[in-house]
Structures are given as structure tokens and as C-alpha cells.
file coords_20.txt (compact mmCIF, C-alpha atoms and all ligand atoms)
# COMPACT_ATOMS: atom_id res chain seq x y z
CA MET A 287 68.27 141.46 164.14
CA PRO A 288 70.36 140.32 167.11
CA ILE A 289 73.93 139.10 166.86
CA LEU A 290 73.85 135.37 166.28
CA ILE A 291 76.46 133.76 168.54
CA LYS A 292 77.76 131.03 166.29
CA GLY A 293 79.10 128.40 168.67
CA LYS A 294 79.61 125.89 165.90
CA GLU A 295 81.91 128.17 163.88
CA LEU A 296 83.82 129.31 166.94
CA ALA A 297 84.26 125.71 168.13
CA GLN A 298 85.60 124.74 164.70
CA GLU A 299 88.17 127.56 164.83
CA LEU A 300 89.22 126.59 168.35
CA ARG A 301 89.60 122.96 167.34
CA GLU A 302 91.77 123.84 164.35
CA THR A 303 94.01 126.04 166.47
CA LEU A 304 94.18 123.34 169.14
CA GLY A 305 95.26 120.80 166.50
CA LYS A 306 98.23 123.04 165.65
CA ARG A 307 99.09 123.59 169.33
CA ILE A 308 99.01 119.85 169.96
CA GLU A 309 101.20 119.14 166.93
CA LYS A 310 103.78 121.63 168.17
CA THR A 311 103.84 120.25 171.72
CA LYS A 312 104.00 116.67 170.50
CA SER A 313 107.38 117.40 168.97
CA GLN A 314 108.58 118.32 172.49
CA THR A 315 107.10 115.37 174.38
CA GLY A 316 107.11 112.69 171.69
CA SER A 317 103.61 111.59 172.70
CA ALA A 318 100.04 112.58 171.92
CA PRO A 319 97.44 113.59 174.53
CA GLY A 320 95.12 110.69 175.39
CA LEU A 321 91.46 110.68 176.41
CA ALA A 322 89.66 107.59 177.74
CA VAL A 323 85.92 107.62 177.11
CA ILE A 324 83.81 105.14 179.08
CA GLN A 325 80.26 104.33 178.06
CA VAL A 326 78.03 101.99 180.05
CA GLY A 327 75.16 100.45 178.11
CA SER A 328 74.01 101.49 174.66
CA ASP A 329 71.66 104.45 175.14
CA PRO A 330 71.39 105.92 171.60
CA ALA A 331 71.82 109.56 172.72
CA SER A 332 74.91 108.67 174.78
CA SER A 333 76.33 106.70 171.84
CA ILE A 334 76.01 109.78 169.60
CA TYR A 335 77.70 112.01 172.20
CA VAL A 336 80.52 109.52 172.71
CA ARG A 337 81.08 109.06 168.98
CA ASN A 338 81.18 112.83 168.43
CA LYS A 339 83.69 113.28 171.23
CA GLN A 340 85.92 110.53 169.86
CA LYS A 341 85.77 111.90 166.31
CA ALA A 342 86.64 115.39 167.57
CA CYS A 343 89.65 113.96 169.46
CA GLN A 344 91.00 112.20 166.40
CA ALA A 345 90.59 115.30 164.22
CA CYS A 346 92.86 117.39 166.45
CA GLY A 347 95.51 114.80 167.31
CA ILE A 348 94.21 113.53 170.66
CA LYS A 349 94.28 109.73 170.96
CA SER A 350 90.94 108.45 172.16
CA TYR A 351 90.54 105.16 173.97
CA GLY A 352 86.96 103.89 173.99
CA TYR A 353 85.58 101.52 176.65
CA GLU A 354 82.10 100.16 176.02
CA LEU A 355 80.84 98.36 179.07
CA PRO A 356 77.66 96.29 179.22
CA GLU A 357 74.57 97.77 180.88
CA GLU A 358 74.86 95.27 183.75
CA VAL A 359 78.51 96.02 184.62
CA SER A 360 79.07 96.08 188.39
CA GLN A 361 80.22 99.09 190.38
CA ALA A 362 83.40 97.18 191.31
CA GLU A 363 84.25 96.43 187.67
CA LEU A 364 83.72 100.05 186.65
CA MET A 365 85.83 101.29 189.57
CA GLU A 366 88.58 98.84 188.62
CA LEU A 367 88.67 100.20 185.06
CA ILE A 368 88.90 103.77 186.36
CA ASP A 369 91.71 102.73 188.68
CA THR A 370 93.61 101.20 185.76
CA LEU A 371 93.09 104.33 183.63
CA ASN A 372 94.15 106.57 186.53
CA GLN A 373 97.50 104.77 186.52
CA ASP A 374 97.94 104.67 182.74
CA ALA A 375 100.43 107.39 181.75
CA LYS A 376 99.20 107.59 178.14
CA VAL A 377 95.70 108.49 179.36
CA ASN A 378 95.66 112.15 180.35
CA GLY A 379 91.90 112.55 180.65
CA ILE A 380 89.09 110.20 181.66
CA LEU A 381 85.40 110.74 181.10
CA CYS A 382 82.52 108.51 181.96
CA GLN A 383 79.45 109.35 179.89
CA LEU A 384 76.46 110.16 182.12
CA PRO A 385 73.79 109.25 183.00
CA LEU A 386 74.76 105.80 184.31
CA PRO A 387 72.26 102.97 184.83
CA ASP A 388 70.44 103.19 188.18
CA HIS A 389 72.40 100.42 189.91
CA LEU A 390 75.65 102.40 189.57
CA ASP A 391 76.70 105.15 191.97
CA GLU A 392 77.38 108.15 189.72
CA PHE A 393 78.87 110.22 192.52
CA ALA A 394 81.36 107.49 193.49
CA VAL A 395 82.35 107.07 189.83
CA THR A 396 82.99 110.76 189.16
CA GLN A 397 84.96 111.06 192.41
CA ALA A 398 87.12 108.00 191.59
CA ILE A 399 88.68 109.73 188.58
CA LEU A 400 91.91 111.47 189.60
CA PRO A 401 91.28 115.24 189.80
CA GLU A 402 94.16 115.87 187.36
CA LYS A 403 92.51 113.54 184.79
CA ASP A 404 88.97 114.79 185.47
CA VAL A 405 88.46 116.55 182.12
CA ASP A 406 84.71 116.90 182.77
CA GLY A 407 85.49 118.95 185.89
CA PHE A 408 83.08 116.94 188.06
CA HIS A 409 85.48 115.99 190.87
CA ALA A 410 84.92 117.73 194.21
CA VAL A 411 88.52 118.99 194.13
CA ASN A 412 87.99 120.76 190.80
CA ILE A 413 84.59 122.09 191.88
CA GLY A 414 86.15 123.38 195.12
CA LEU A 415 89.04 125.05 193.28
CA LEU A 416 86.58 126.60 190.82
CA SER A 417 84.51 128.05 193.65
CA MET A 418 87.70 129.57 195.10
CA GLY A 419 88.53 131.12 191.73
CA ARG A 420 91.65 128.97 191.36
CA ASP A 421 93.14 127.25 188.35
CA CYS A 422 91.43 123.88 187.72
CA LEU A 423 89.71 121.71 185.13
CA VAL A 424 86.45 123.62 184.51
CA PRO A 425 83.24 121.77 183.49
CA CYS A 426 83.05 121.88 179.69
CA THR A 427 79.62 123.45 179.06
CA PRO A 428 80.15 126.38 181.45
CA ALA A 429 83.67 126.88 180.05
CA GLY A 430 82.19 126.91 176.53
CA ILE A 431 79.59 129.52 177.49
CA LEU A 432 82.26 131.82 178.89
CA ALA A 433 84.50 131.32 175.86
CA MET A 434 81.61 132.30 173.56
CA LEU A 435 80.74 135.41 175.55
CA LYS A 436 84.39 136.49 175.49
CA ALA A 437 84.86 135.72 171.80
CA TYR A 438 81.89 137.98 171.00
CA ASP A 439 83.24 140.74 173.29
CA ILE A 440 80.12 140.70 175.43
CA PRO A 441 80.77 142.82 178.52
CA LEU A 442 80.54 140.82 181.77
CA LYS A 443 81.94 143.11 184.48
CA GLY A 444 79.13 144.56 186.58
CA GLN A 445 76.49 143.01 184.31
CA ARG A 446 73.44 141.33 185.81
CA CYS A 447 73.43 137.65 184.89
CA VAL A 448 70.52 135.30 185.62
CA ILE A 449 70.99 131.56 185.20
CA ILE A 450 67.94 129.29 185.09
CA GLY A 451 68.84 125.77 186.29
CA ARG A 452 70.97 124.73 189.28
CA SER A 453 72.57 121.50 188.08
CA ASN A 454 76.10 120.60 189.19
CA ILE A 455 77.28 120.35 185.60
CA VAL A 456 75.87 123.59 184.17
CA GLY A 457 74.05 126.06 186.44
CA LYS A 458 76.27 126.02 189.54
CA PRO A 459 79.66 126.17 187.77
CA VAL A 460 78.38 128.97 185.48
CA VAL A 461 77.76 131.00 188.66
CA GLN A 462 81.41 130.66 189.69
CA LEU A 463 82.75 131.57 186.25
CA MET A 464 80.52 134.63 185.94
CA LEU A 465 81.41 135.79 189.47
CA LYS A 466 85.08 135.56 188.55
CA GLU A 467 84.33 137.85 185.62
CA HIS A 468 82.78 140.35 188.08
CA ALA A 469 79.19 139.85 186.95
CA THR A 470 76.36 140.06 189.50
CA VAL A 471 74.83 136.61 189.46
CA THR A 472 71.41 135.19 190.35
CA ILE A 473 70.57 131.52 190.01
CA ALA A 474 66.95 130.46 189.50
CA HIS A 475 65.27 127.06 189.48
CA SER A 476 61.91 125.29 189.47
CA ARG A 477 60.90 126.76 192.85
CA THR A 478 61.79 130.36 192.03
CA ARG A 479 58.93 132.84 192.48
CA ASP A 480 58.08 135.16 189.59
CA LEU A 481 60.66 133.64 187.26
CA PRO A 482 59.73 135.88 184.29
CA GLY A 483 60.10 139.02 186.44
CA LEU A 484 63.47 137.87 187.80
CA CYS A 485 64.74 136.99 184.33
CA ARG A 486 63.71 140.39 182.97
CA ASN A 487 66.40 141.92 185.26
CA ALA A 488 69.09 140.10 183.36
CA ASP A 489 71.58 141.71 181.01
CA ILE A 490 72.72 138.16 180.31
CA LEU A 491 70.17 135.35 180.58
CA ILE A 492 71.46 131.76 180.54
CA SER A 493 68.91 128.96 180.36
CA ALA A 494 69.81 125.36 181.33
CA ILE A 495 66.45 123.80 182.14
CA GLY A 496 65.69 121.09 179.60
CA LYS A 497 62.23 122.26 178.49
CA ALA A 498 61.53 122.95 174.83
CA ARG A 499 60.91 126.64 173.99
CA PHE A 500 60.19 127.46 177.66
CA VAL A 501 61.79 130.92 177.62
CA SER A 502 59.46 133.34 175.85
CA PRO A 503 59.87 137.12 175.36
CA GLU A 504 58.09 137.58 178.72
CA TYR A 505 61.37 136.40 180.36
CA VAL A 506 63.69 138.67 178.40
CA LYS A 507 64.65 142.32 178.83
CA PRO A 508 64.86 144.01 175.42
CA GLY A 509 68.54 144.13 174.46
CA ALA A 510 69.59 141.24 176.72
CA VAL A 511 72.10 138.57 175.69
CA VAL A 512 70.47 135.12 175.70
CA ILE A 513 72.45 131.88 175.99
CA ASP A 514 70.46 128.70 175.40
CA VAL A 515 72.01 125.55 176.89
CA GLY A 516 68.96 123.30 176.53
CA ILE A 517 68.87 120.40 174.11
CA ASN A 518 65.29 119.19 173.76
CA ARG A 519 63.04 117.59 171.21
CA ASP A 520 59.75 119.28 170.41
CA ASP A 521 56.53 117.40 169.65
CA ALA A 522 57.58 117.05 166.01
CA GLY A 523 60.90 115.47 167.07
CA LYS A 524 62.96 118.52 166.12
CA VAL A 525 65.99 119.44 168.28
CA VAL A 526 65.26 122.78 169.97
CA GLY A 527 66.62 124.74 172.91
CA ASP A 528 64.96 126.05 176.08
CA VAL A 529 64.41 129.36 174.34
CA ASP A 530 61.65 130.13 171.88
CA PHE A 531 64.24 131.29 169.36
CA THR A 532 62.19 133.26 166.84
CA SER A 533 60.21 135.39 169.28
CA VAL A 534 63.13 135.96 171.70
CA ALA A 535 65.54 136.82 168.87
CA SER A 536 63.24 139.70 167.96
CA ILE A 537 64.08 141.49 171.26
CA ALA A 538 67.53 140.14 172.31
CA SER A 539 70.79 141.89 171.39
CA ALA A 540 72.61 138.56 170.95
CA ILE A 541 71.46 134.94 171.09
CA THR A 542 72.80 131.41 170.64
CA PRO A 543 71.02 129.00 168.29
CA VAL A 544 70.18 125.35 169.08
CA PRO A 545 71.67 123.34 167.50
CA GLY A 546 74.94 125.07 166.67
CA GLY A 547 75.41 127.13 169.84
CA VAL A 548 76.55 125.85 173.22
CA GLY A 549 76.73 122.14 172.21
CA PRO A 550 79.77 122.31 169.87
CA MET A 551 81.57 124.58 172.37
CA THR A 552 81.19 121.91 175.05
CA ILE A 553 83.16 119.45 172.93
CA ALA A 554 85.80 122.06 172.08
CA MET A 555 86.31 122.67 175.82
CA LEU A 556 86.63 118.93 176.48
CA LEU A 557 89.48 118.82 173.97
CA GLU A 558 91.10 121.90 175.54
CA ASN A 559 90.79 120.36 179.03
CA THR A 560 92.41 117.15 177.78
CA PHE A 561 95.30 119.16 176.32
CA GLN A 562 95.70 121.14 179.55
CA ALA A 563 95.74 117.90 181.58
CA TYR A 564 98.39 116.48 179.23
CA LEU A 565 100.57 119.60 179.52
CA LYS A 566 100.46 119.42 183.34
CA GLN A 567 101.07 115.67 183.48
CA ASN A 568 104.06 115.99 181.14
CA ASN A 569 105.33 119.04 182.96
CA VAL A 570 105.55 121.06 179.75
CA SER A 571 104.16 124.42 178.80
CA GLU A 572 103.27 125.87 175.43
CA GLU A 573 106.02 128.03 173.92
P1 LIG A 601 69.11 119.11 185.08
O1 LIG A 601 67.97 118.32 184.58
O2 LIG A 601 70.13 118.50 185.96
O3 LIG A 601 68.55 120.41 185.81
C1 LIG A 601 67.52 121.20 185.28
C2 LIG A 601 67.39 122.43 186.11
O4 LIG A 601 66.32 123.19 185.56
C3 LIG A 601 67.07 122.17 187.58
O5 LIG A 601 67.92 122.92 188.39
C4 LIG A 601 65.62 122.65 187.72
O6 LIG A 601 65.38 123.28 188.97
C5 LIG A 601 65.50 123.66 186.61
N1 LIG A 601 64.13 123.71 186.12
C6 LIG A 601 63.36 122.69 185.68
N2 LIG A 601 62.13 123.14 185.37
C7 LIG A 601 62.12 124.46 185.63
C8 LIG A 601 61.14 125.45 185.54
N3 LIG A 601 59.91 125.18 185.10
N4 LIG A 601 61.46 126.69 185.91
C9 LIG A 601 62.71 126.98 186.36
N5 LIG A 601 63.68 126.08 186.46
C10 LIG A 601 63.39 124.82 186.11
O7 LIG A 601 69.73 119.80 183.82
P2 LIG A 601 71.17 119.94 183.14
O8 LIG A 601 71.89 118.64 183.17
O9 LIG A 601 71.84 121.16 183.64
O10 LIG A 601 70.66 120.19 181.64
C11 LIG A 601 69.77 121.23 181.30
C12 LIG A 601 69.57 121.26 179.81
O11 LIG A 601 70.81 121.54 179.20
C13 LIG A 601 69.10 119.94 179.19
O12 LIG A 601 68.29 120.22 178.08
C14 LIG A 601 70.39 119.30 178.72
O13 LIG A 601 70.19 118.42 177.64
C15 LIG A 601 71.14 120.52 178.28
N6 LIG A 601 72.60 120.37 178.31
C16 LIG A 601 73.26 120.79 177.20
C17 LIG A 601 74.63 120.73 177.17
C18 LIG A 601 75.34 121.23 175.95
O14 LIG A 601 76.48 120.89 175.72
N7 LIG A 601 74.70 122.09 175.16
C19 LIG A 601 75.36 120.20 178.24
C20 LIG A 601 74.65 119.81 179.38
C21 LIG A 601 73.26 119.90 179.41

call {"tool": "encode", "arguments": {"input": "coords_20.txt", "output": "C-alpha cells"}}
result
Amino acid sequence: MPILIKGKELAQELRETLGKRIEKTKSQTGSAPGLAVIQVGSDPASSIYVRNKQKACQACGIKSYGYELPEEVSQAELMELIDTLNQDAKVNGILCQLPLPDHLDEFAVTQAILPEKDVDGFHAVNIGLLSMGRDCLVPCTPAGILAMLKAYDIPLKGQRCVIIGRSNIVGKPVVQLMLKEHATVTIAHSRTRDLPGLCRNADILISAIGKARFVSPEYVKPGAVVIDVGINRDDAGKVVGDVDFTSVASIASAITPVPGGVGPMTIAMLLENTFQAYLKQNNVSEE
């Protein structure tokens, strides 16, 4: 049996430790970290994500400020809210739940958030710093993947890593993080030729596609580490990853489950980013 990379347990440990770190720092600054969460419209999946993020904040001592805007909110109104939150000293992090309705310009919205409050790591400044290997707010899902690999002592230096999916929020930032760890990185996507053959080169295979049980054993080198980012519903309505877990687990050396793998780590990293933003904005460091 492969090692099961238990993201849920690890995220819980990180959140408990973070709660203690926040408590300690609060006695220095006299204020709690604050995260503003903006949701436009009432998409049920987004509402669940937003609620989970807010609950996680409260549990570790981060104050969360929720803004629920109607589906038909204008670009100008949304930008005005972001401007107000940018200037609000008690708000250290701002996130706007994506996707936004079609009439809103997602790029303009993510770039309007001050880079130092951009706890999702979507601002061009943070993406640029990340690609230069500099200190910045790192997108939460990629940060969570790296934290899991490190927590399970999975060697990265010199390892061949293949990432399937080239999105700005997962695939591309994972490339930068893995390069910084001295892995040799290949990124694949829907136009890649011989995807199974390419993936079979990987010591570490990371899938962020969004297709239920797409990755079969044909894509996996025996003994590889497999990280499943996908969150999909199968025909029976069950939440499953991109990886066909049972068959791939029979040849992988380590694998993440869905649910309970990358997802909880993403939230843990959002909390950590909010704390880091708060430390910087208050000009304090942890003792
Ligand atoms: P996206 O839809 O922006 O991009 C999907 C990528 O997959 C694209 O680059 C595309 O080229 C590639 N792709 C699609 N079909 C392919 C195929 N047949 N072969 C090879 N590549 C193919 O995706 P995203 O926003 O990065 O999300 C990907 C998945 O990860 C989704 O299931 C999403 O729900 C999930 N996700 C999970 C978390 C988490 O916290 N666990 C966070 C973000 C996204």
C-alpha cells in the first residue's frame, strides 16, 4: 500500500499551531489579523467555500469580514469596495471568491487588491516575485501542495515533476515552487502529445485538470508520488479527484485522497497567508 498523504490531518495540525502563534502575536499588537471575504452572487459551491474559509478563520483567531454582493453588482461598485478594504487597517487580507459573473472583469478585480493584502497570491506583483524566487504571498493551493510534500519528507531536489494543467492559480505557480526546490519540471495541458508517456517520466505527478478519474495507471510510473488537485463530481454525484484513486494507489508510492487531500491544505495556507500579511503590515515578527 502507498503512503496516504493526509492533507486533512496535516491542515488541522497547522491550523491549531497557527491559532497559538496568532494568540501570542496578538498580545504584542493588541489586534487580531483580519480577512475580508467578498462573494458576488449566491452560487452554492462558492457559498460553501466562503463559509468554510470564514469558519476556519474564526477557529484560529482571525477576524473575518464577509461581503455578500448581489449577482448584478457593477464593476465600479465592486472596485469601490476593494478600494475601501485596501485602506482599512483592520483588514490585512482581501479575497474575492472566483469565478465572478460574466459581466465583471476578473483580472481587473484581482489586480485592484493591494499586493500586500492579496492573500490568494493572484496579483501580478506576487506572481512576478514568485517567478523570481522572492518572498511573496504564494497562491494557496500550490503552497499547500508544497507543504504536504515537505511534511511527508518527499524528496524534491533533482526529481522529475510533471504537472497536468496550466491554470494561473494552480499549474503555473506550482512550476515556480517546484523549480525553487530544485526539481526538474514539465507542465502539460490539453494539447500535450502523448500525455500518458510524458506523465510516466514523473517521480512526482501533480494533476490539476478538473476531470473525474482521468489519471489512470497508464499515466503513472510505479513508485511515483501522485498529488490530486482535482475536485469533481462523478456520474453518481460523488466528489472525486482527477485520479482514479483505487487503481493508481496500487502502483504509487504515495498519494493524496480526494476529499481530504489538497483541499483542506488550501484553506490552511490562506490562513497562513493572512497571518503573514498581518505580521508585515504591523511590522512585527514572530518571537
Ligand atoms: P482550469 O480549468 O483553469 O484549468 C484546467 C487545466 O487542465 C487547463 O490548463 C487544461 O489545459 C488542462 N486540461 C484540461 N483537459 C485536459 C486533458 N484532457 N489533458 C490534459 N490537460 C487537460 O483548472 P484549475 O482552476 O487549475 O482547476 C483544476 C482542478 O483543480 C479543478 O477540478 C478544480 O476544482 C480543482 N481545484 C482544487 C483546488 C483545491 O483546493 N483542492 C483549488 C483549485 C482548483

call {"tool": "residues_near_ligand", "arguments": {"input": "coords_20.txt", "ligand": "ligand LIG 601 (chain A)", "cutoff": "6 Å", "atoms": "all atoms listed in the file", "output": "compact mmCIF listing (two decimals) with C-alpha atoms, keeping the file's coordinate frame"}}
result
# COMPACT_ATOMS: atom_id res chain seq x y z
CA THR A 427 79.62 123.45 179.06
CA ILE A 450 67.94 129.29 185.09
CA GLY A 451 68.84 125.77 186.29
CA ARG A 452 70.97 124.73 189.28
CA SER A 453 72.57 121.50 188.08
CA ILE A 455 77.28 120.35 185.60
CA VAL A 456 75.87 123.59 184.17
CA HIS A 475 65.27 127.06 189.48
CA SER A 476 61.91 125.29 189.47
CA ALA A 494 69.81 125.36 181.33
CA ILE A 495 66.45 123.80 182.14
CA GLY A 496 65.69 121.09 179.60
CA VAL A 515 72.01 125.55 176.89
CA GLY A 516 68.96 123.30 176.53
CA ILE A 517 68.87 120.40 174.11
CA ASN A 518 65.29 119.19 173.76
CA VAL A 548 76.55 125.85 173.22
CA GLY A 549 76.73 122.14 172.21
CA THR A 552 81.19 121.91 175.05

call {"tool": "closest_residue", "arguments": {"input": "coords_20.txt", "among": "A:Tyr438, A:Thr542, A:Leu463, A:Val395", "to": "Arg420 of chain A", "atoms": "all atoms listed in the file"}}
result
A:Leu463

call {"tool": "residues_near_point", "arguments": {"input": "coords_20.txt", "point": "(94.9, 114.9, 187.1)", "cutoff": "10 Å", "atoms": "only C-alpha atoms", "output": "list of chain:residue names"}}
result
A:Asn372, A:Asn378, A:Gly379, A:Ile380, A:Ile399, A:Leu400, A:Pro401, A:Glu402, A:Lys403, A:Asp404, A:Val405, A:Asn412, A:Cys422, A:Leu423, A:Thr560, A:Gln562, A:Ala563, A:Tyr564, A:Lys566, A:Gln567

call {"tool": "residues_around", "arguments": {"input": "coords_20.txt", "residues": "segment 319-322 of chain A", "least_positions_apart": "3", "cutoff": "9 Å", "atoms": "only C-alpha atoms", "output": "ChimeraX atom specification"}}
result
/A:308,312,340,343,347-353,371,375-382,403,405,557,560-561,563-565

call {"tool": "write_last_selection", "arguments": {"input": "coords_20.txt", "atoms": "C-alpha atoms", "output": "short mmCIF file (atom, residue, chain, number, x, y, z; two decimals), keeping the file's coordinate frame"}}
result
data_model
loop_
_atom_site.label_atom_id
_atom_site.label_comp_id
_atom_site.auth_asym_id
_atom_site.auth_seq_id
_atom_site.Cartn_x
_atom_site.Cartn_y
_atom_site.Cartn_z
CA ILE A 308 99.01 119.85 169.96
CA LYS A 312 104.00 116.67 170.50
CA GLN A 340 85.92 110.53 169.86
CA CYS A 343 89.65 113.96 169.46
CA GLY A 347 95.51 114.80 167.31
CA ILE A 348 94.21 113.53 170.66
CA LYS A 349 94.28 109.73 170.96
CA SER A 350 90.94 108.45 172.16
CA TYR A 351 90.54 105.16 173.97
CA GLY A 352 86.96 103.89 173.99
CA TYR A 353 85.58 101.52 176.65
CA LEU A 371 93.09 104.33 183.63
CA ALA A 375 100.43 107.39 181.75
CA LYS A 376 99.20 107.59 178.14
CA VAL A 377 95.70 108.49 179.36
CA ASN A 378 95.66 112.15 180.35
CA GLY A 379 91.90 112.55 180.65
CA ILE A 380 89.09 110.20 181.66
CA LEU A 381 85.40 110.74 181.10
CA CYS A 382 82.52 108.51 181.96
CA LYS A 403 92.51 113.54 184.79
CA VAL A 405 88.46 116.55 182.12
CA LEU A 557 89.48 118.82 173.97
CA THR A 560 92.41 117.15 177.78
CA PHE A 561 95.30 119.16 176.32
CA ALA A 563 95.74 117.90 181.58
CA TYR A 564 98.39 116.48 179.23
CA LEU A 565 100.57 119.60 179.52
#

call {"tool": "residues_near_point", "arguments": {"input": "coords_20.txt", "point": "(81.2, 138.7, 183.1)", "cutoff": "12 Å", "atoms": "all atoms listed in the file", "output": "PyMOL selection string"}}
result
chain A and resi 431-436+439-448+460-471+489-491+511

call {"tool": "build_atoms", "arguments": {"input": "coords_20.txt", "residues": "segment 524-534 of chain A", "atoms": "all heavy atoms", "output": "PDB file, keeping the file's coordinate frame"}}
result
ATOM      1  N   LYS A 524      61.871 117.625 166.517  1.00  0.00           N
ATOM      2  CA  LYS A 524      62.960 118.520 166.120  1.00  0.00           C
ATOM      3  C   LYS A 524      63.799 118.915 167.350  1.00  0.00           C
ATOM      4  O   LYS A 524      63.228 119.125 168.438  1.00  0.00           O
ATOM      5  CB  LYS A 524      62.305 119.773 165.495  1.00  0.00           C
ATOM      6  CG  LYS A 524      63.245 120.735 164.878  1.00  0.00           C
ATOM      7  CD  LYS A 524      62.494 121.876 164.189  1.00  0.00           C
ATOM      8  CE  LYS A 524      63.474 122.942 163.812  1.00  0.00           C
ATOM      9  NZ  LYS A 524      62.999 124.287 163.971  1.00  0.00           N
ATOM     10  N   VAL A 525      65.123 119.017 167.169  1.00  0.00           N
ATOM     11  CA  VAL A 525      65.990 119.440 168.280  1.00  0.00           C
ATOM     12  C   VAL A 525      65.844 120.950 168.468  1.00  0.00           C
ATOM     13  O   VAL A 525      66.092 121.725 167.534  1.00  0.00           O
ATOM     14  CB  VAL A 525      67.462 119.068 168.020  1.00  0.00           C
ATOM     15  CG1 VAL A 525      68.373 119.639 169.105  1.00  0.00           C
ATOM     16  CG2 VAL A 525      67.614 117.555 167.944  1.00  0.00           C
ATOM     17  N   VAL A 526      65.428 121.351 169.664  1.00  0.00           N
ATOM     18  CA  VAL A 526      65.260 122.780 169.970  1.00  0.00           C
ATOM     19  C   VAL A 526      65.851 123.073 171.346  1.00  0.00           C
ATOM     20  O   VAL A 526      66.074 122.160 172.143  1.00  0.00           O
ATOM     21  CB  VAL A 526      63.765 123.213 169.951  1.00  0.00           C
ATOM     22  CG1 VAL A 526      63.152 123.034 168.580  1.00  0.00           C
ATOM     23  CG2 VAL A 526      62.956 122.460 170.998  1.00  0.00           C
ATOM     24  N   GLY A 527      66.073 124.347 171.618  1.00  0.00           N
ATOM     25  CA  GLY A 527      66.620 124.740 172.910  1.00  0.00           C
ATOM     26  C   GLY A 527      65.522 124.999 173.936  1.00  0.00           C
ATOM     27  O   GLY A 527      64.349 124.645 173.731  1.00  0.00           O
ATOM     28  N   ASP A 528      65.918 125.623 175.045  1.00  0.00           N
ATOM     29  CA  ASP A 528      64.960 126.050 176.080  1.00  0.00           C
ATOM     30  C   ASP A 528      64.263 127.339 175.668  1.00  0.00           C
ATOM     31  O   ASP A 528      63.253 127.722 176.258  1.00  0.00           O
ATOM     32  CB  ASP A 528      65.698 126.365 177.388  1.00  0.00           C
ATOM     33  CG  ASP A 528      66.230 125.130 178.090  1.00  0.00           C
ATOM     34  OD1 ASP A 528      65.831 124.014 177.719  1.00  0.00           O
ATOM     35  OD2 ASP A 528      67.045 125.309 179.017  1.00  0.00           O
ATOM     36  N   VAL A 529      64.872 128.027 174.701  1.00  0.00           N
ATOM     37  CA  VAL A 529      64.410 129.360 174.340  1.00  0.00           C
ATOM     38  C   VAL A 529      63.557 129.287 173.071  1.00  0.00           C
ATOM     39  O   VAL A 529      63.906 128.573 172.128  1.00  0.00           O
ATOM     40  CB  VAL A 529      65.627 130.298 174.120  1.00  0.00           C
ATOM     41  CG1 VAL A 529      65.197 131.679 173.654  1.00  0.00           C
ATOM     42  CG2 VAL A 529      66.457 130.402 175.398  1.00  0.00           C
ATOM     43  N   ASP A 530      62.464 130.036 173.089  1.00  0.00           N
ATOM     44  CA  ASP A 530      61.650 130.130 171.880  1.00  0.00           C
ATOM     45  C   ASP A 530      62.379 131.101 170.934  1.00  0.00           C
ATOM     46  O   ASP A 530      62.217 132.324 171.016  1.00  0.00           O
ATOM     47  CB  ASP A 530      60.252 130.646 172.235  1.00  0.00           C
ATOM     48  CG  ASP A 530      59.358 130.644 171.015  1.00  0.00           C
ATOM     49  OD1 ASP A 530      59.509 129.737 170.178  1.00  0.00           O
ATOM     50  OD2 ASP A 530      58.543 131.568 170.878  1.00  0.00           O
ATOM     51  N   PHE A 531      63.231 130.512 170.087  1.00  0.00           N
ATOM     52  CA  PHE A 531      64.240 131.290 169.360  1.00  0.00           C
ATOM     53  C   PHE A 531      63.660 132.467 168.581  1.00  0.00           C
ATOM     54  O   PHE A 531      64.106 133.603 168.721  1.00  0.00           O
ATOM     55  CB  PHE A 531      65.054 130.367 168.441  1.00  0.00           C
ATOM     56  CG  PHE A 531      66.178 131.079 167.753  1.00  0.00           C
ATOM     57  CD1 PHE A 531      67.401 131.247 168.377  1.00  0.00           C
ATOM     58  CD2 PHE A 531      65.996 131.628 166.489  1.00  0.00           C
ATOM     59  CE1 PHE A 531      68.437 131.946 167.762  1.00  0.00           C
ATOM     60  CE2 PHE A 531      67.021 132.328 165.860  1.00  0.00           C
ATOM     61  CZ  PHE A 531      68.242 132.474 166.504  1.00  0.00           C
ATOM     62  N   THR A 532      62.663 132.209 167.758  1.00  0.00           N
ATOM     63  CA  THR A 532      62.190 133.260 166.840  1.00  0.00           C
ATOM     64  C   THR A 532      61.655 134.475 167.588  1.00  0.00           C
ATOM     65  O   THR A 532      62.039 135.617 167.293  1.00  0.00           O
ATOM     66  CB  THR A 532      61.109 132.688 165.899  1.00  0.00           C
ATOM     67  OG1 THR A 532      61.611 131.470 165.366  1.00  0.00           O
ATOM     68  CG2 THR A 532      60.781 133.632 164.771  1.00  0.00           C
ATOM     69  N   SER A 533      60.808 134.242 168.588  1.00  0.00           N
ATOM     70  CA  SER A 533      60.210 135.390 169.280  1.00  0.00           C
ATOM     71  C   SER A 533      61.247 136.101 170.168  1.00  0.00           C
ATOM     72  O   SER A 533      61.275 137.333 170.247  1.00  0.00           O
ATOM     73  CB  SER A 533      58.994 134.958 170.100  1.00  0.00           C
ATOM     74  OG  SER A 533      59.361 134.005 171.062  1.00  0.00           O
ATOM     75  N   VAL A 534      62.131 135.332 170.816  1.00  0.00           N
ATOM     76  CA  VAL A 534      63.130 135.960 171.700  1.00  0.00           C
ATOM     77  C   VAL A 534      64.186 136.703 170.865  1.00  0.00           C
ATOM     78  O   VAL A 534      64.640 137.793 171.247  1.00  0.00           O
ATOM     79  CB  VAL A 534      63.764 134.909 172.643  1.00  0.00           C
ATOM     80  CG1 VAL A 534      64.969 135.496 173.377  1.00  0.00           C
ATOM     81  CG2 VAL A 534      62.725 134.415 173.652  1.00  0.00           C
TER      82      VAL A 534
END
